[in-house]
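Participant: This is coords.cif (mmCIF, C-alpha atoms).
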```
data_upload
loop_
_atom_site.group_PDB
_atom_site.id
_atom_site.type_symbol
_atom_site.label_atom_id
_atom_site.label_comp_id
_atom_site.auth_asym_id
_atom_site.auth_seq_id
_atom_site.Cartn_x
_atom_site.Cartn_y
_atom_site.Cartn_z
ATOM 1 C CA MET A 1 50.340 -23.942 33.307
ATOM 2 C CA SER A 2 50.580 -23.304 37.060
ATOM 3 C CA GLN A 3 47.672 -21.923 39.034
ATOM 4 C CA ALA A 4 49.495 -18.614 39.378
ATOM 5 C CA GLU A 5 49.913 -18.443 35.589
ATOM 6 C CA GLN A 6 46.237 -19.216 35.008
ATOM 7 C CA ALA A 7 45.234 -16.351 37.269
ATOM 8 C CA LEU A 8 47.760 -14.073 35.640
ATOM 9 C CA PRO A 9 45.794 -12.790 32.612
ATOM 10 C CA ASP A 10 43.082 -11.286 34.846
ATOM 11 C CA ALA A 11 45.640 -9.666 37.121
ATOM 12 C CA LEU A 12 47.562 -8.348 34.106
ATOM 13 C CA ARG A 13 44.534 -6.863 32.441
ATOM 14 C CA ALA A 14 43.557 -5.204 35.698
ATOM 15 C CA GLY A 15 47.042 -3.670 35.853
ATOM 16 C CA ASP A 16 47.906 -5.376 39.134
ATOM 17 C CA PRO A 17 51.405 -3.975 39.867
ATOM 18 C CA GLN A 18 52.569 -7.099 41.690
ATOM 19 C CA ALA A 19 51.496 -9.395 38.843
ATOM 20 C CA PHE A 20 53.427 -7.279 36.372
ATOM 21 C CA GLU A 21 56.524 -7.101 38.536
ATOM 22 C CA ASP A 22 56.485 -10.885 38.883
ATOM 23 C CA LEU A 23 56.234 -11.130 35.119
ATOM 24 C CA VAL A 24 59.213 -8.804 34.679
ATOM 25 C CA ARG A 25 61.289 -10.772 37.181
ATOM 26 C CA ARG A 26 60.467 -14.152 35.659
ATOM 27 C CA ASN A 27 60.882 -13.212 31.988
ATOM 28 C CA THR A 28 63.648 -10.608 31.822
ATOM 29 C CA PRO A 29 66.612 -13.043 31.718
ATOM 30 C CA ARG A 30 65.134 -15.040 28.831
ATOM 31 C CA LEU A 31 63.973 -11.979 26.879
ATOM 32 C CA LEU A 32 67.384 -10.376 27.305
ATOM 33 C CA SER A 33 68.966 -13.484 25.753
ATOM 34 C CA VAL A 34 66.520 -13.293 22.842
ATOM 35 C CA ALA A 35 67.229 -9.594 22.221
ATOM 36 C CA ARG A 36 70.999 -10.117 22.538
ATOM 37 C CA ARG A 37 70.925 -12.853 19.911
ATOM 38 C CA ILE A 38 69.073 -10.595 17.489
ATOM 39 C CA LEU A 39 70.930 -7.341 18.150
ATOM 40 C CA LYS A 40 74.421 -8.652 19.070
ATOM 41 C CA ASN A 41 74.704 -5.654 21.379
ATOM 42 C CA ASP A 42 74.058 -5.611 25.124
ATOM 43 C CA ASP A 43 72.940 -1.982 25.485
ATOM 44 C CA GLU A 44 70.500 -2.246 22.589
ATOM 45 C CA ALA A 45 69.218 -5.570 23.924
ATOM 46 C CA ARG A 46 68.452 -3.992 27.317
ATOM 47 C CA GLU A 47 66.702 -1.136 25.561
ATOM 48 C CA ALA A 48 64.588 -3.596 23.534
ATOM 49 C CA VAL A 49 63.538 -5.546 26.653
ATOM 50 C CA GLN A 50 62.603 -2.383 28.504
ATOM 51 C CA GLN A 51 60.585 -1.129 25.523
ATOM 52 C CA ALA A 52 58.908 -4.527 25.253
ATOM 53 C CA PHE A 53 57.684 -4.457 28.848
ATOM 54 C CA VAL A 54 56.413 -0.895 28.513
ATOM 55 C CA ALA A 55 54.588 -1.843 25.285
ATOM 56 C CA ALA A 56 53.184 -4.979 26.933
ATOM 57 C CA PHE A 57 52.022 -2.966 29.915
ATOM 58 C CA LYS A 58 50.299 -0.427 27.699
ATOM 59 C CA SER A 59 48.542 -3.120 25.668
ATOM 60 C CA ARG A 60 47.723 -5.339 28.645
ATOM 61 C CA GLU A 61 43.986 -5.066 28.053
ATOM 62 C CA GLN A 62 44.433 -6.849 24.728
ATOM 63 C CA PHE A 63 45.997 -9.863 26.420
ATOM 64 C CA HIS A 64 43.238 -12.423 26.824
ATOM 65 C CA GLY A 65 45.274 -15.459 27.763
ATOM 66 C CA GLU A 66 44.951 -17.176 24.370
ATOM 67 C CA SER A 67 48.700 -17.820 24.631
ATOM 68 C CA GLN A 68 51.049 -18.076 27.621
ATOM 69 C CA PRO A 69 52.100 -14.697 29.043
ATOM 70 C CA SER A 70 55.708 -15.747 28.322
ATOM 71 C CA THR A 71 54.906 -16.364 24.621
ATOM 72 C CA TRP A 72 53.033 -13.050 24.393
ATOM 73 C CA LEU A 73 56.049 -11.211 25.848
ATOM 74 C CA HIS A 74 58.464 -13.157 23.636
ATOM 75 C CA ARG A 75 56.720 -11.964 20.448
ATOM 76 C CA ILE A 76 56.644 -8.347 21.671
ATOM 77 C CA ALA A 77 60.357 -8.485 22.578
ATOM 78 C CA VAL A 78 61.268 -9.998 19.182
ATOM 79 C CA ASN A 79 59.400 -7.181 17.433
ATOM 80 C CA LYS A 80 61.053 -4.479 19.561
ATOM 81 C CA ALA A 81 64.491 -5.946 18.877
ATOM 82 C CA LEU A 82 63.749 -6.072 15.133
ATOM 83 C CA ASP A 83 62.547 -2.441 15.253
ATOM 84 C CA LEU A 84 65.819 -1.371 16.876
ATOM 85 C CA MET A 85 67.807 -3.334 14.334
ATOM 86 C CA ARG A 86 65.967 -1.700 11.425
ATOM 87 C CA ALA A 87 66.473 1.711 12.984
ATOM 88 C CA ARG A 88 70.249 1.278 12.818
ATOM 89 C CA GLU A 89 72.068 2.762 9.947
ATOM 90 C CA ARG A 90 71.799 0.340 7.080
ATOM 91 C CA ARG A 91 75.174 -1.283 6.821
ATOM 92 C CA HIS A 92 76.760 -2.911 3.840
ATOM 93 C CA GLU A 93 75.654 -6.507 3.922
ATOM 94 C CA ASP A 94 77.975 -9.338 2.971
ATOM 95 C CA SER A 95 76.819 -11.783 0.344
ATOM 96 C CA ILE A 96 75.846 -15.280 1.455
ATOM 97 C CA ASP A 97 76.862 -16.859 -1.855
ATOM 98 C CA ASP A 98 80.384 -17.779 -0.757
ATOM 99 C CA LEU A 99 78.894 -19.888 2.025
ATOM 100 C CA LEU A 100 76.481 -21.902 -0.119
ATOM 101 C CA PRO A 101 77.427 -25.312 -1.562
ATOM 102 C CA ARG A 102 78.848 -25.231 -5.102
ATOM 103 C CA PHE A 103 77.791 -27.669 -7.789
ATOM 104 C CA LEU A 104 79.416 -28.931 -10.971
ATOM 105 C CA PRO A 105 77.588 -28.374 -14.280
ATOM 106 C CA ASP A 106 76.238 -31.954 -14.047
ATOM 107 C CA GLY A 107 74.649 -31.166 -10.636
ATOM 108 C CA HIS A 108 77.177 -33.034 -8.480
ATOM 109 C CA HIS A 109 78.622 -31.373 -5.395
ATOM 110 C CA ALA A 110 81.886 -29.604 -6.262
ATOM 111 C CA GLU A 111 83.284 -30.394 -2.804
ATOM 112 C CA ARG A 112 83.879 -33.687 -1.030
ATOM 113 C CA PHE A 113 82.554 -33.279 2.525
ATOM 114 C CA ALA A 114 84.667 -34.553 5.399
ATOM 115 C CA VAL A 115 82.642 -36.356 8.063
ATOM 116 C CA TRP A 116 82.387 -34.221 11.185
ATOM 117 C CA PRO A 117 83.957 -35.624 14.355
ATOM 118 C CA GLU A 118 81.886 -36.615 17.383
ATOM 119 C CA PRO A 119 78.461 -34.959 17.508
ATOM 120 C CA ILE A 120 79.203 -31.281 18.125
ATOM 121 C CA GLU A 121 75.969 -31.032 20.101
ATOM 122 C CA GLU A 122 77.297 -33.583 22.620
ATOM 123 C CA GLN A 123 80.839 -32.388 23.048
ATOM 124 C CA ILE A 124 82.149 -32.169 26.579
ATOM 125 C CA ASP A 125 83.261 -28.566 26.512
ATOM 126 C CA ARG A 126 79.799 -27.064 26.102
ATOM 127 C CA ASP A 127 80.733 -23.490 26.904
ATOM 128 C CA ARG A 128 83.334 -23.318 24.207
ATOM 129 C CA GLN A 129 81.102 -25.178 21.806
ATOM 130 C CA ALA A 130 78.184 -22.767 22.354
ATOM 131 C CA ALA A 131 80.502 -19.781 21.936
ATOM 132 C CA SER A 132 81.794 -21.227 18.687
ATOM 133 C CA ILE A 133 78.276 -21.847 17.311
ATOM 134 C CA ARG A 134 77.127 -18.388 18.410
ATOM 135 C CA ASP A 135 80.117 -16.854 16.663
ATOM 136 C CA ALA A 136 79.314 -18.781 13.484
ATOM 137 C CA ILE A 137 75.674 -17.598 13.559
ATOM 138 C CA ASP A 138 76.850 -14.016 14.104
ATOM 139 C CA HIS A 139 78.867 -14.261 10.879
ATOM 140 C CA LEU A 140 75.763 -14.854 8.747
ATOM 141 C CA PRO A 141 74.503 -11.796 6.846
ATOM 142 C CA ASP A 142 71.640 -10.222 8.878
ATOM 143 C CA THR A 143 68.938 -10.996 6.303
ATOM 144 C CA PHE A 144 69.610 -14.698 6.767
ATOM 145 C CA ARG A 145 70.772 -14.672 10.400
ATOM 146 C CA ILE A 146 67.478 -13.232 11.652
ATOM 147 C CA VAL A 147 65.369 -15.826 9.831
ATOM 148 C CA LEU A 148 67.516 -18.639 11.242
ATOM 149 C CA LEU A 149 67.230 -17.168 14.751
ATOM 150 C CA LEU A 150 63.452 -16.779 14.628
ATOM 151 C CA ARG A 151 62.755 -20.180 13.016
ATOM 152 C CA ASP A 152 65.388 -22.555 14.411
ATOM 153 C CA ILE A 153 66.218 -20.951 17.754
ATOM 154 C CA GLU A 154 63.153 -18.952 18.842
ATOM 155 C CA GLU A 155 61.012 -21.684 17.252
ATOM 156 C CA MET A 156 58.542 -19.284 15.646
ATOM 157 C CA SER A 157 56.464 -20.670 12.753
ATOM 158 C CA THR A 158 57.061 -19.758 9.105
ATOM 159 C CA GLU A 159 53.932 -17.573 9.184
ATOM 160 C CA GLU A 160 54.863 -15.787 12.433
ATOM 161 C CA THR A 161 58.350 -15.124 11.084
ATOM 162 C CA ALA A 162 56.955 -13.817 7.787
ATOM 163 C CA GLN A 163 54.672 -11.460 9.680
ATOM 164 C CA ALA A 164 57.393 -10.185 12.015
ATOM 165 C CA LEU A 165 59.708 -9.435 9.072
ATOM 166 C CA GLY A 166 57.080 -8.218 6.604
ATOM 167 C CA ILE A 167 58.057 -10.808 3.965
ATOM 168 C CA THR A 168 56.233 -13.748 2.378
ATOM 169 C CA PRO A 169 56.258 -17.261 3.889
ATOM 170 C CA ASN A 170 58.068 -18.429 0.743
ATOM 171 C CA ALA A 171 60.822 -15.875 1.300
ATOM 172 C CA VAL A 172 61.151 -17.139 4.881
ATOM 173 C CA LYS A 173 61.602 -20.712 3.633
ATOM 174 C CA LEU A 174 64.166 -19.721 1.015
ATOM 175 C CA ARG A 175 66.208 -17.625 3.438
ATOM 176 C CA LEU A 176 66.060 -20.307 6.150
ATOM 177 C CA HIS A 177 67.376 -22.935 3.753
ATOM 178 C CA ARG A 178 70.250 -20.707 2.624
ATOM 179 C CA ALA A 179 71.010 -19.681 6.195
ATOM 180 C CA ARG A 180 71.256 -23.321 7.305
ATOM 181 C CA MET A 181 73.510 -24.247 4.395
ATOM 182 C CA ALA A 182 75.736 -21.229 5.067
ATOM 183 C CA LEU A 183 75.869 -21.997 8.791
ATOM 184 C CA ARG A 184 76.874 -25.576 7.932
ATOM 185 C CA THR A 185 79.823 -24.173 5.970
ATOM 186 C CA LEU A 186 80.816 -21.895 8.859
ATOM 187 C CA LEU A 187 80.580 -24.761 11.381
ATOM 188 C CA ALA A 188 82.639 -26.984 9.099
ATOM 189 C CA ASP A 189 85.343 -24.271 8.946
ATOM 190 C CA ARG A 190 85.378 -24.037 12.732
ATOM 191 C CA LEU A 191 85.499 -27.802 13.249
ATOM 192 C CA ARG A 192 88.437 -27.999 10.865
ATOM 193 C CA SER A 193 90.400 -25.329 12.717
ATOM 194 C CA GLU A 194 89.532 -26.808 16.132
ATOM 195 C CA ALA A 195 90.670 -30.244 14.983
ATOM 196 C CA ALA A 196 93.953 -28.724 13.794
ATOM 197 C CA THR A 197 94.667 -27.001 17.124
ATOM 198 C CA PRO A 198 93.297 -29.017 20.050
ATOM 199 C CA LEU A 199 93.272 -26.665 23.042
ATOM 200 C CA LYS A 200 92.332 -29.159 25.707
ATOM 201 C CA GLU A 201 92.535 -32.800 26.737
ATOM 202 C CA VAL A 202 89.214 -34.588 26.501
ATOM 203 C CA SER A 203 88.460 -36.375 29.754
ATOM 204 C CA PRO A 204 85.722 -38.963 30.252
ATOM 205 C CA MET B 1 67.663 -36.322 -9.046
ATOM 206 C CA ASN B 2 71.214 -34.974 -8.718
ATOM 207 C CA CYS B 3 73.072 -33.509 -5.695
ATOM 208 C CA ARG B 4 71.867 -29.976 -6.409
ATOM 209 C CA ASP B 5 68.236 -31.112 -6.614
ATOM 210 C CA LEU B 6 68.587 -33.081 -3.399
ATOM 211 C CA SER B 7 70.025 -30.114 -1.509
ATOM 212 C CA SER B 8 67.062 -27.975 -2.562
ATOM 213 C CA PHE B 9 64.660 -30.468 -0.930
ATOM 214 C CA LEU B 10 66.459 -30.740 2.444
ATOM 215 C CA GLN B 11 64.221 -28.276 4.260
ATOM 216 C CA ASP B 12 61.062 -30.058 3.127
ATOM 217 C CA TYR B 13 62.669 -33.383 4.003
ATOM 218 C CA PHE B 14 63.354 -32.339 7.608
ATOM 219 C CA ALA B 15 59.920 -30.730 7.882
ATOM 220 C CA GLY B 16 58.419 -34.083 6.825
ATOM 221 C CA GLU B 17 56.882 -32.375 3.804
ATOM 222 C CA LEU B 18 58.442 -34.228 0.844
ATOM 223 C CA PRO B 19 55.660 -35.100 -1.600
ATOM 224 C CA GLN B 20 55.587 -38.772 -2.581
ATOM 225 C CA PRO B 21 57.181 -39.033 -6.033
ATOM 226 C CA VAL B 22 59.985 -36.712 -4.867
ATOM 227 C CA ALA B 23 60.533 -38.716 -1.665
ATOM 228 C CA THR B 24 61.273 -41.863 -3.679
ATOM 229 C CA GLU B 25 63.789 -40.093 -5.925
ATOM 230 C CA PHE B 26 65.321 -38.407 -2.900
ATOM 231 C CA ALA B 27 65.845 -41.749 -1.141
ATOM 232 C CA GLY B 28 67.153 -43.273 -4.380
ATOM 233 C CA HIS B 29 69.830 -40.609 -4.833
ATOM 234 C CA LEU B 30 70.804 -40.737 -1.168
ATOM 235 C CA ASP B 31 71.285 -44.522 -1.361
ATOM 236 C CA GLY B 32 73.982 -44.168 -3.990
ATOM 237 C CA CYS B 33 75.661 -40.919 -2.895
ATOM 238 C CA ASP B 34 77.923 -40.890 0.170
ATOM 239 C CA ASN B 35 78.663 -37.188 -0.207
ATOM 240 C CA CYS B 36 74.970 -36.237 -0.011
ATOM 241 C CA THR B 37 74.548 -38.584 2.963
ATOM 242 C CA VAL B 38 77.275 -36.664 4.813
ATOM 243 C CA PHE B 39 75.813 -33.323 3.712
ATOM 244 C CA LEU B 40 72.311 -34.264 4.892
ATOM 245 C CA GLU B 41 73.644 -35.339 8.308
ATOM 246 C CA GLN B 42 75.554 -32.052 8.670
ATOM 247 C CA TYR B 43 72.451 -30.063 7.676
ATOM 248 C CA ARG B 44 70.529 -31.867 10.446
ATOM 249 C CA ARG B 45 73.268 -31.209 12.999
ATOM 250 C CA THR B 46 73.380 -27.560 11.981
ATOM 251 C CA ILE B 47 69.706 -27.236 12.951
ATOM 252 C CA VAL B 48 70.363 -28.974 16.290
ATOM 253 C CA ALA B 49 73.446 -26.814 16.970
ATOM 254 C CA GLY B 50 71.317 -23.664 17.171
ATOM 255 C CA ARG B 51 69.326 -25.174 20.018
ATOM 256 C CA ALA B 52 72.531 -25.779 21.986
ATOM 257 C CA VAL B 53 73.141 -22.017 21.950
ATOM 258 C CA LEU B 54 69.644 -21.413 23.253
ATOM 259 C CA VAL B 55 70.105 -23.744 26.217
ATOM 260 C CA GLU B 56 73.465 -22.146 26.992
ATOM 261 C CA ASP B 57 72.135 -18.573 26.811
ATOM 262 C CA GLU B 58 69.197 -19.278 29.118
ATOM 263 C CA ARG B 59 71.593 -20.067 31.946
ATOM 264 C CA CYS B 60 72.662 -16.446 31.964
ATOM 265 C CA GLU B 61 72.649 -14.329 35.125
ATOM 266 C CA VAL B 62 69.567 -12.456 36.388
ATOM 267 C CA PRO B 63 70.126 -8.802 35.459
ATOM 268 C CA GLU B 64 68.876 -7.189 38.686
ATOM 269 C CA ASP B 65 69.685 -3.635 37.568
ATOM 270 C CA LEU B 66 67.663 -4.033 34.376
ATOM 271 C CA ILE B 67 64.726 -5.579 36.236
ATOM 272 C CA ASN B 68 64.697 -2.667 38.696
ATOM 273 C CA ALA B 69 64.861 -0.148 35.846
ATOM 274 C CA ILE B 70 61.933 -1.801 34.064
ATOM 275 C CA VAL B 71 59.816 -1.949 37.223
ATOM 276 C CA ALA B 72 60.553 1.748 37.834
ATOM 277 C CA SER B 73 59.608 2.725 34.285
ATOM 278 C CA LEU B 74 56.363 0.751 34.508
ATOM 279 C CA ARG B 75 55.478 2.581 37.710
ATOM 280 C CA ALA B 76 56.087 5.853 35.875
ATOM 281 C CA THR B 77 53.953 4.675 32.929
ATOM 282 C CA ARG B 78 50.941 3.898 35.084
#
```
Take the structure from the file and write it as structure tokens.
Facilitator:
Amino acid sequence: MSQAEQALPDALRAGDPQAFEDLVRRNTPRLLSVARRILKNDDEAREAVQQAFVAAFKSREQFHGESQPSTWLHRIAVNKALDLMRARERRHEDSIDDLLPRFLPDGHHAERFAVWPEPIEEQIDRDRQAASIRDAIDHLPDTFRIVLLLRDIEEMSTEETAQALGITPNAVKLRLHRARMALRTLLADRLRSEAATPLKEVSP
Amino acid sequence: MNCRDLSSFLQDYFAGELPQPVATEFAGHLDGCDNCTVFLEQYRRTIVAGRAVLVEDERCEVPEDLINAIVASLRATR
């Protein structure tokens, strides 16, 4: 933690306008990314970030520096984004079952898995790769997508995730496992179609 | 342990939380099953893939208009 960050909690609690403006400037880009991933909508994401800073400002006296200011803001922004998502009209949710592995009656996999090509996480065309992964995540049903986002991408613990969603830690674990298996299926589909239609030459 | 059983333990496996008798059976099945070996590797890479999105997203532009709007609304809140 830098010296400026160590001094920050006191300045925040005191409502120092400059300290808060610095905090807004430093954290807005990251929090906007977080809210966009959850909400999949730019306007709603901006709304969530704005609400998060207002809520943080109002509760600044409760911030005692037991975590980093950035972590404190991250949790508030995640909660605001989840609130906005819940406030939306409840849409029909697709089933995840089609994306889970199928097994034969004797417990063997019903599918033979093709080995994936070069590590997708090290491919050269990172922009396209990230867009493809993001698109796959966005195709997960929300119930599972949000758990995967909070656990594997926002790196929140099982307990923190359970608390944010109002479900049990066991439910978090079950949904995370299904979400990962479903995302594996979606990535496999995308790798197959990319392999079939190479759009670019790979250069060293 | 069959393929279905093994798949249900993947999360615990990657969290380093496989209890001992299960860990031995898990390794035993994996030794003799190429399909589960491929599946396990893809499960691992699926977890890693999410992080790649995170790194990519964080390079996004600084939204000056949003920052100014937030600062203005905080001034009004005070």
Participant: Pick out the chain B residues within 7 Å of chain A. Count all atoms listed in the file. Give them as a ChimeraX atom specification.
Facilitator: /B:2-4,11,35,38-39,42-43,46-47,49-54,56-58,60,62-63,67,70-71,74
Participant: Can you tell me how far atom CA of Leu140 of chain A sits from atom CA of Asn41 of chain A, in Å to one decimal?
Facilitator: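 Calculated distance between atom CA of Leu140 of chain A and atom CA of Asn41 of chain A is 15.7 Å.
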Participant: Just checking: using all atoms listed in the file, which residue out of A:Leu99, A:Val78, A:Ala14, A:Ile167 ends up closest to Leu150 of chain A?
Facilitator: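 Using all atoms listed in the file, the shortest distance to Leu150 of chain A belongs to A:Val78.
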Participant: Using all atoms listed in the file, find the one residue out of A:Ala35, A:Ser157, A:Leu23, A:Asp42 that sits nearest to Ser70 of chain A.
Facilitator: A:Leu23
Participant: State, in Å with one decimal place, the distance from atom CA of Thr158 of chain A to atom CA of Ala171 of chain A.
Facilitator: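 Atom-to-atom, atom CA of Thr158 of chain A and atom CA of Ala171 of chain A are spaced 9.5 Å apart.
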Participant: Given the point (61.0, -29.5, 0.7) in the file's coordinates, find the residues that have an atom at most 12 Å from it, counting only C-alpha atoms, and give them as an MDAnalysis selection string.
Facilitator: (chainID A and resid 170 173:174 176:177) or (chainID B and resid 5:20 22:23 26)
Participant: Rounded to one decimal place, report the atom CA of Ala179 of chain A-atom CA of Arg145 of chain A distance in Å.
Facilitator: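 Separating atom CA of Ala179 of chain A from atom CA of Arg145 of chain A is a distance of 6.5 Å.
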